[in-house]
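Q: Once you've had a glance at the structure underneath, I'll fire off some questions.
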Amino acid sequence: MSRPPLQPGILAPVPAHARSLWFRIDDVAGVPAAMRRLAAQPLGDAMVVGLGATTVATLALTVPGLREPASTLGSTVSVPHTPAALWCWLRGDDRGTLLHRGRALAAMLAPGFAPTAALDGFRHDGGRDLTGYEDGTENPVGDAAIAAACVDQAGGAPPGSSFVAVQRWQHELSRFDAMSPQARDAAIGRRRSDNEELADAPASAHVKRTAQESFTPAAFVLRRSMPYLDREAAGLLFVAFGRSFDAFEAQLHRMIGLEDGITDALLQFTRPVESAYFWCPPLLGDRLAL
């Protein structure tokens, strides 16, 4: 499979550090000029850009597949929808450098956009969640990663686009600490010691709830999630790229019990507190194709 003009940071490995910035529209008249300035910047793998529905509408663009999250009515689990006009995922090796890059980005986007939130992520213990379990074990790689994350010619949106769901999950680590090692493994469906899947994992185990090949059609996404620490709050910034939002929503709806009434055992110690959808435009050369 030839590589499409996908933003390269989507396929690049999770970095040592990252800084997510969310923006709102501050001056509608200034949005087109702000986006022209952003699109004029060479885009390597140091940043991924996602446009929210309000920005797409303001630019008078048509992006089939960009939508609001599907309803989660009927579940006992609250999944807050916190839309944003723009999401920029800055990637690198130094937190201070990311801070200054974010400041320069916010200045460049003004007055069209104003920042509303920032969150620093980091790679923990070689790629583990703060609970100590390996994250993204079954992530697709190579051509399979491209197929999962990238809109193809028949996808409606421009080929090379990607759709991304960004969710902040806040862990209650004291609850997790109170669980026995056996209960923790059962909740994940893998042993923390060697990452092996449990043959007798219960139906509520996370690996059972989200086994991508168990859906019809298969629900493959490309995860680029990272732990975060925000004052006293800590957890996982879940980032899932897909050729549509369908696979992500299929997994989420099974996790919160909409499919069969069984909720994911992860919900014993973590919960979603923010959630938004974005469209990641393809590239033209090394610039955003808008």
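Numbering starts fresh at 1 for the residues of each chain in the structure tokens, the chains themselves are lettered A, B, ... in the order given, and ligands are numbered from 1 as they appear.
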Just the residues within 12 Å of Thr97 of chain A, please, counting only C-alpha atoms, with nothing from its chain fewer than 5 positions along; format it as number ranges by chain.

A: A: 17-19, 46, 90-92, 102-104, 120

Q: Go ahead and write the selection's residues with N, CA and C atoms as a compact mmCIF listing (two decimals), in the first residue's frame.

A:
# COMPACT_ATOMS: atom_id res chain seq x y z
N HIS A 17 7.19 13.11 25.17
CA HIS A 17 6.32 14.13 25.75
C HIS A 17 5.38 14.67 24.68
N ALA A 18 4.25 15.19 25.11
CA ALA A 18 3.31 15.80 24.18
C ALA A 18 2.53 16.87 24.93
N ARG A 19 2.00 17.81 24.18
CA ARG A 19 1.15 18.85 24.76
C ARG A 19 -0.05 19.03 23.85
N ALA A 46 6.00 16.61 14.24
CA ALA A 46 6.04 17.30 15.53
C ALA A 46 4.68 17.84 15.94
N LEU A 90 0.97 18.65 20.06
CA LEU A 90 2.39 18.94 19.90
C LEU A 90 3.20 17.78 20.48
N ARG A 91 4.19 17.33 19.74
CA ARG A 91 4.95 16.14 20.10
C ARG A 91 6.44 16.50 20.19
N GLY A 92 7.15 15.91 21.14
CA GLY A 92 8.57 16.21 21.25
C GLY A 92 9.23 15.49 22.40
N GLY A 102 3.79 25.87 21.99
CA GLY A 102 2.36 26.11 22.16
C GLY A 102 2.05 27.59 22.28
N ARG A 103 2.89 28.34 22.96
CA ARG A 103 2.68 29.79 23.08
C ARG A 103 2.78 30.46 21.71
N ALA A 104 3.78 30.04 20.92
CA ALA A 104 3.93 30.62 19.59
C ALA A 104 2.75 30.25 18.69
N ASP A 120 -0.54 18.27 29.32
CA ASP A 120 0.75 17.65 29.02
C ASP A 120 0.66 16.15 29.20

Q: With DSSP run on the backbone, what are the strand (DSSP E or B) residues within segment 11-191 of chain A? I'd like them as a VMD selection string.

A: chain A and resid 17 to 25 47 to 51 86 to 92 113 to 122 128 134 162 to 171 190

Q: Extract, using only C-alpha atoms, all DNA, RNA and protein residues at most 9 Å from Val79 of chain A, discarding same-chain residues fewer than 2 positions from it, and format them as a VMD selection string.

A: chain A and resid 72 77 81 256 271 to 275

Q: Could you state the separation of atom CA of Phe215 of chain A and atom CA of Cys280 of chain A in Å, given to one decimal place?

A: 25.0 Å

Q: Show which residues sit within 10 Å of segment 29-40 of chain A, as number ranges by chain. Count only C-alpha atoms, and ignore same-chain residues fewer than 2 positions away.

A: A: 25-27, 42-43, 49, 55, 58-60, 105, 107-113, 283-284, 286-290

Q: Keeping only N, CA and C atoms, write the selected residues as a JSON list (two decimals), in the first residue's frame.

A:
[["chain", "number", "residue", "atom", "x", "y", "z"],
["A", 25, "ILE", "N", -13.27, 29.31, 18.81],
["A", 25, "ILE", "CA", -13.27, 30.44, 17.88],
["A", 25, "ILE", "C", -13.51, 31.72, 18.68],
["A", 26, "ASP", "N", -12.59, 32.66, 18.56],
["A", 26, "ASP", "CA", -12.69, 33.91, 19.29],
["A", 26, "ASP", "C", -13.15, 35.06, 18.40],
["A", 27, "ASP", "N", -12.84, 34.97, 17.11],
["A", 27, "ASP", "CA", -13.21, 36.01, 16.14],
["A", 27, "ASP", "C", -13.48, 35.31, 14.81],
["A", 42, "PRO", "N", 5.29, 24.27, 7.45],
["A", 42, "PRO", "CA", 5.63, 22.87, 7.16],
["A", 42, "PRO", "C", 5.22, 21.99, 8.35],
["A", 43, "LEU", "N", 4.59, 20.87, 8.04],
["A", 43, "LEU", "CA", 4.06, 20.00, 9.10],
["A", 43, "LEU", "C", 4.78, 18.66, 9.04],
["A", 49, "VAL", "N", -2.85, 18.22, 13.63],
["A", 49, "VAL", "CA", -3.88, 19.25, 13.69],
["A", 49, "VAL", "C", -5.24, 18.62, 13.40],
["A", 55, "THR", "N", -15.18, 24.90, 13.18],
["A", 55, "THR", "CA", -14.16, 25.47, 12.28],
["A", 55, "THR", "C", -14.43, 25.06, 10.84],
["A", 58, "THR", "N", -17.22, 27.20, 9.64],
["A", 58, "THR", "CA", -16.80, 28.58, 9.45],
["A", 58, "THR", "C", -16.00, 28.76, 8.17],
["A", 59, "LEU", "N", -15.22, 27.75, 7.81],
["A", 59, "LEU", "CA", -14.43, 27.79, 6.58],
["A", 59, "LEU", "C", -15.24, 27.39, 5.35],
["A", 60, "ALA", "N", -16.51, 27.07, 5.55],
["A", 60, "ALA", "CA", -17.41, 26.65, 4.46],
["A", 60, "ALA", "C", -16.88, 25.41, 3.74],
["A", 105, "LEU", "N", 2.26, 29.04, 18.83],
["A", 105, "LEU", "CA", 1.10, 28.61, 18.04],
["A", 105, "LEU", "C", -0.13, 29.43, 18.39],
["A", 107, "ALA", "N", -0.26, 32.42, 19.59],
["A", 107, "ALA", "CA", -0.09, 33.78, 19.08],
["A", 107, "ALA", "C", -0.36, 33.83, 17.58],
["A", 108, "MET", "N", 0.08, 32.81, 16.86],
["A", 108, "MET", "CA", -0.13, 32.78, 15.42],
["A", 108, "MET", "C", -1.61, 32.63, 15.06],
["A", 109, "LEU", "N", -2.36, 31.91, 15.88],
["A", 109, "LEU", "CA", -3.77, 31.65, 15.58],
["A", 109, "LEU", "C", -4.69, 32.79, 16.02],
["A", 110, "ALA", "N", -4.21, 33.70, 16.85],
["A", 110, "ALA", "CA", -5.02, 34.84, 17.28],
["A", 110, "ALA", "C", -5.12, 35.85, 16.13],
["A", 111, "PRO", "N", -6.23, 36.58, 16.04],
["A", 111, "PRO", "CA", -7.38, 36.60, 16.95],
["A", 111, "PRO", "C", -8.48, 35.62, 16.56],
["A", 112, "GLY", "N", -8.25, 34.81, 15.53],
["A", 112, "GLY", "CA", -9.31, 33.89, 15.11],
["A", 112, "GLY", "C", -9.65, 32.87, 16.18],
["A", 113, "PHE", "N", -8.61, 32.35, 16.84],
["A", 113, "PHE", "CA", -8.80, 31.30, 17.85],
["A", 113, "PHE", "C", -8.18, 31.73, 19.16],
["A", 283, "LEU", "N", -2.29, 16.10, 3.80],
["A", 283, "LEU", "CA", -1.22, 17.01, 3.43],
["A", 283, "LEU", "C", -1.19, 17.21, 1.92],
["A", 284, "LEU", "N", -0.71, 18.35, 1.52],
["A", 284, "LEU", "CA", -0.31, 18.62, 0.14],
["A", 284, "LEU", "C", 1.15, 19.02, 0.22],
["A", 286, "ASP", "N", 4.18, 19.17, 2.23],
["A", 286, "ASP", "CA", 4.36, 19.09, 3.68],
["A", 286, "ASP", "C", 3.47, 20.11, 4.39],
["A", 287, "ARG", "N", 2.40, 20.56, 3.72],
["A", 287, "ARG", "CA", 1.48, 21.55, 4.31],
["A", 287, "ARG", "C", 0.08, 20.97, 4.39],
["A", 288, "LEU", "N", -0.71, 21.49, 5.33],
["A", 288, "LEU", "CA", -2.10, 21.06, 5.43],
["A", 288, "LEU", "C", -2.85, 21.43, 4.16],
["A", 289, "ALA", "N", -3.62, 20.49, 3.65],
["A", 289, "ALA", "CA", -4.39, 20.70, 2.43],
["A", 289, "ALA", "C", -5.79, 21.17, 2.81],
["A", 290, "LEU", "N", -5.97, 22.49, 2.84],
["A", 290, "LEU", "CA", -7.28, 23.04, 3.20],
["A", 290, "LEU", "C", -7.94, 23.71, 2.01]]

Q: Smallest atom-to-atom distance to Pro83 of chain A: which of A:Glu259, A:Glu196, A:Glu68, A:Glu172, using only C-alpha atoms?

A: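 Smallest distance to Pro83 of chain A is found for A:Glu68.
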
Q: Just the residues within 12 Å of Ala219 of chain A, please, counting only C-alpha atoms, with nothing from its chain fewer than 5 positions along; format it as a PyMOL selection string.

A: chain A and resi 138-140+147-149+209-214+240-254

Q: Would you please extract all alpha helix (DSSP H) residues from segment 33-278 of chain A, as assigned by DSSP on the backbone, and give them as a PyMOL selection string?

A: chain A and resi 33-39+53-58+95-109+143-149+173-178+181-188+206-209+246-255

Q: Could you give me, as a ChimeraX atom specification, the residues within 10 Å of Phe23 of chain A, counting only C-alpha atoms and dropping anything in the same chain fewer than 2 positions from it?

A: /A:21,25-26,51-52,83-88,106,109,112-118

Q: From the list A:Ala265, A:Ala178, A:Leu222, A:Val14, which residue is nearest Phe122 of chain A when using only C-alpha atoms?

A: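 For Phe122 of chain A, the nearest of the given residues is A:Val14.
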
Q: Pick out the closest residue to Trp169 of chain A from this set: A:Asp129, A:Asp194, A:Asp185, A:Asp200. Count only C-alpha atoms.

A: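 Checking each candidate against Trp169 of chain A, we get A:Asp129 as the closest.
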
Q: To one decimal place in Å, what is the distance between atom CA of Ile188 of chain A and atom CA of Leu266 of chain A?

A: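 That distance, rounded to one decimal, is 6.9 Å.
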
Q: Give the answer as one residue: which of A:Gly132, A:Pro181, A:Pro282, A:Pro158 has the shortest atom-to-atom distance to Gln7 of chain A, using only C-alpha atoms?

A: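 When distances to Gln7 of chain A are compared using only C-alpha atoms, the smallest one comes from A:Pro282.
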